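*Asks:* Take a look at the following structure, please.
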Amino acid sequence: MLALLRKHYRSSVLSLLALCAMFVWWGVLFASEGQLVVAFLNIGQGDAMYIEAPNGNQMLIDGGSGRQVLAELGSVMPFADRSIDVVVGTHPDADHVGGLIPVLDRYTVSAILEPGSHADTMTYRALEAEIQNKKIPRILARRGMVIDLGAGVTFTILYPDRDTAGMETNESSIVGQLRYGSTTVLLTGDAPQSVERRLIARDGERLRSTVLKPGHHGSRTSTSDVFVQRVGPQLAVISAGEANRYGHPHAEVLTILQKYGVLVLRTDKDGRVTLKSDGKEIRW
């Protein structure tokens, strides 16, 4: 009996060690593919983008409105990984930051980037309380800041370029350009056309990007003709909920994207959209 127990114990320990080794090596292989991963998560009506650099550093931009983001993160992050390096809340609307509350509860977050605008809502107050309870360092996003994820991946803040206190929430949205080699992804939050015009005036040709996330879930209030022409994307990824009550994405935006030959993928129709870049080209 003792010999049988010892044999069973050795077998269990060996199985556990083998399992641990598998996860360790799987994590190493996952982080050494030499690719940037950008996943537009399928969280319904809202925004949530998961970014992982080739070295394994991670960033989450927005989290939708509920707990669906947790299931999506569980599908794209390495098993047993319970940390995220940077979380970005583009602006305080519930369909962007509501899901960050369970994320901050479940994951260890090193820093949170925010525009400095506020919302007098229960959701935003709950997020504020969670950030304070977890003592997460807060960074005010301003134009010119660069988040260096390592391995050649950077996220450059293009907007806000001013104090956002008292500003309408969509107008305060963080806009940033993710770059890896010669590939770029322009992420616009819910920035309206007034912000797009400001970006065109300040950045011009520097706005050119391989991929565009149209602002405000494809609403006609964003993604103007001149903005799409200046960005010149090959692909647009629209984050919207299936049969949402707002009618997103609006037909006017889809027509503009079609006019410039932009391929459109949508989370409401295509589910989660995952892009991979080797620094030379983006595949999806």
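Note on naming: chains are A, B, ... as they come in the structure tokens, residues start from 1 per chain, ligands start from 1 in the order shown.
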Please provide as number ranges by chain all residues within 12 Å of Val237 in chain A, with the sequence filter that same-chain residues fewer than 5 positions apart are discarded (counting only C-alpha atoms).

*Replies:* A: 38-42, 47-49, 185-188, 210-218, 249, 254, 257, 262-275, 284

*Asks:* Using only C-alpha atoms, please write the residues we just selected to a file, as an mmCIF file, in the first residue's frame.

*Replies:*
```cif
data_model
loop_
_atom_site.group_PDB
_atom_site.id
_atom_site.type_symbol
_atom_site.label_atom_id
_atom_site.label_comp_id
_atom_site.auth_asym_id
_atom_site.auth_seq_id
_atom_site.Cartn_x
_atom_site.Cartn_y
_atom_site.Cartn_z
ATOM 1 C CA VAL A 38 -3.951 43.355 -31.627
ATOM 2 C CA ALA A 39 -7.317 41.829 -30.754
ATOM 3 C CA PHE A 40 -10.552 43.795 -31.089
ATOM 4 C CA LEU A 41 -12.590 41.966 -28.466
ATOM 5 C CA ASN A 42 -16.176 40.939 -29.019
ATOM 6 C CA ASP A 47 -14.844 49.130 -27.241
ATOM 7 C CA ALA A 48 -12.116 46.820 -25.935
ATOM 8 C CA MET A 49 -8.730 46.192 -27.593
ATOM 9 C CA VAL A 185 -2.912 51.050 -36.101
ATOM 10 C CA LEU A 186 -4.814 54.276 -35.383
ATOM 11 C CA LEU A 187 -7.160 53.963 -32.391
ATOM 12 C CA THR A 188 -9.647 56.801 -31.960
ATOM 13 C CA THR A 210 -2.368 50.513 -41.975
ATOM 14 C CA VAL A 211 -5.452 49.985 -39.812
ATOM 15 C CA LEU A 212 -8.082 52.436 -38.556
ATOM 16 C CA LYS A 213 -10.550 51.893 -35.751
ATOM 17 C CA PRO A 214 -13.368 54.245 -36.827
ATOM 18 C CA GLY A 215 -14.484 56.494 -33.993
ATOM 19 C CA HIS A 216 -17.659 56.005 -31.957
ATOM 20 C CA HIS A 217 -18.467 52.497 -33.214
ATOM 21 C CA GLY A 218 -18.934 53.686 -36.782
ATOM 22 C CA PRO A 249 -22.165 51.410 -37.853
ATOM 23 C CA LEU A 254 -19.543 52.401 -44.500
ATOM 24 C CA LEU A 257 -14.822 53.480 -46.278
ATOM 25 C CA VAL A 262 -10.995 50.043 -47.248
ATOM 26 C CA LEU A 263 -11.732 46.478 -46.146
ATOM 27 C CA VAL A 264 -14.159 46.567 -43.198
ATOM 28 C CA LEU A 265 -14.333 44.015 -40.385
ATOM 29 C CA ARG A 266 -16.957 44.329 -37.637
ATOM 30 C CA THR A 267 -17.213 42.687 -34.246
ATOM 31 C CA ASP A 268 -21.023 42.602 -34.543
ATOM 32 C CA LYS A 269 -20.733 40.397 -37.639
ATOM 33 C CA ASP A 270 -17.248 38.872 -37.503
ATOM 34 C CA GLY A 271 -16.839 38.438 -33.740
ATOM 35 C CA ARG A 272 -13.411 38.990 -32.250
ATOM 36 C CA VAL A 273 -10.991 40.411 -34.833
ATOM 37 C CA THR A 274 -7.325 39.504 -34.282
ATOM 38 C CA LEU A 275 -4.504 41.184 -36.174
ATOM 39 C CA TRP A 284 -5.944 39.211 -40.044
#
```

*Asks:* DSSP says helix (DSSP H, G or I) for which residues of range 93-155 of chain A? Put them as a list in words?

*Replies:*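 Listing helix (DSSP H, G or I) positions across range 93-155 of chain A yields Ala94, Asp95, His96, Val97, Leu100, Ile101, Pro102, Val103, Leu104, Asp105, Arg106, Met122, Thr123, Tyr124, Arg125, Ala126, Leu127, Glu128, Ala129, Glu130, Ile131, Gln132, Asn133 and Lys134 of chain A.
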
*Asks:* Give the strand (DSSP E or B) residues of range 27-265 of chain A, as DSSP finds them on the backbone, and put them as an MDAnalysis selection string.

*Replies:* chainID A and resid 36:40 49:52 58:61 83:88 108:114 138:140 146:150 153:159 175:180 183:187 211:213 235:238 263:265

*Asks:* Neighbours of range 88-90 of chain A within 7 Å (only C-alpha atoms; same-chain residues fewer than 4 positions away dropped), as a VMD selection string?

*Replies:* chain A and resid 60 to 62 96 to 97 112 to 115 173 to 174 189

*Asks:* Take the residues from that selection and write them out as a compact mmCIF listing (two decimals), in the first residue's frame, keeping N, CA and C atoms.

*Replies:*
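The new file out34.txt reads:
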```txt
# COMPACT_ATOMS: atom_id res chain seq x y z
N LEU A 60 -4.31 46.94 -22.47
CA LEU A 60 -5.74 46.84 -22.74
C LEU A 60 -6.29 48.24 -22.89
N ILE A 61 -6.94 48.50 -24.02
CA ILE A 61 -7.55 49.80 -24.26
C ILE A 61 -9.07 49.64 -24.18
N ASP A 62 -9.66 50.19 -23.13
CA ASP A 62 -11.09 50.10 -22.84
C ASP A 62 -11.50 48.66 -22.51
N HIS A 96 -17.18 52.03 -22.48
CA HIS A 96 -15.72 51.94 -22.65
C HIS A 96 -15.03 51.55 -21.34
N VAL A 97 -15.51 52.05 -20.22
CA VAL A 97 -14.79 51.81 -18.95
C VAL A 97 -15.54 50.94 -17.95
N ILE A 112 -2.63 52.90 -15.13
CA ILE A 112 -3.82 53.21 -15.92
C ILE A 112 -3.66 54.59 -16.53
N LEU A 113 -3.95 54.68 -17.82
CA LEU A 113 -3.83 55.93 -18.58
C LEU A 113 -5.22 56.46 -18.83
N GLU A 114 -5.45 57.75 -18.56
CA GLU A 114 -6.79 58.34 -18.71
C GLU A 114 -6.67 59.76 -19.22
N PRO A 115 -7.77 60.31 -19.80
CA PRO A 115 -7.69 61.63 -20.42
C PRO A 115 -7.83 62.80 -19.45
N SER A 173 -11.76 61.96 -25.81
CA SER A 173 -11.24 60.62 -26.06
C SER A 173 -9.75 60.61 -26.40
N ILE A 174 -9.05 59.67 -25.79
CA ILE A 174 -7.65 59.46 -26.14
C ILE A 174 -7.55 58.88 -27.55
N GLY A 189 -10.95 55.89 -30.09
CA GLY A 189 -11.98 56.01 -29.07
C GLY A 189 -13.31 56.43 -29.69
```

*Asks:* Using only C-alpha atoms, which of A:Ser65, A:Ser75, A:Ser219, A:Ser224 sits nearest Ile238 in chain A?

*Replies:*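 Going through A:Ser65, A:Ser75, A:Ser219, A:Ser224 one by one, the smallest distance to Ile238 in chain A is for A:Ser219.
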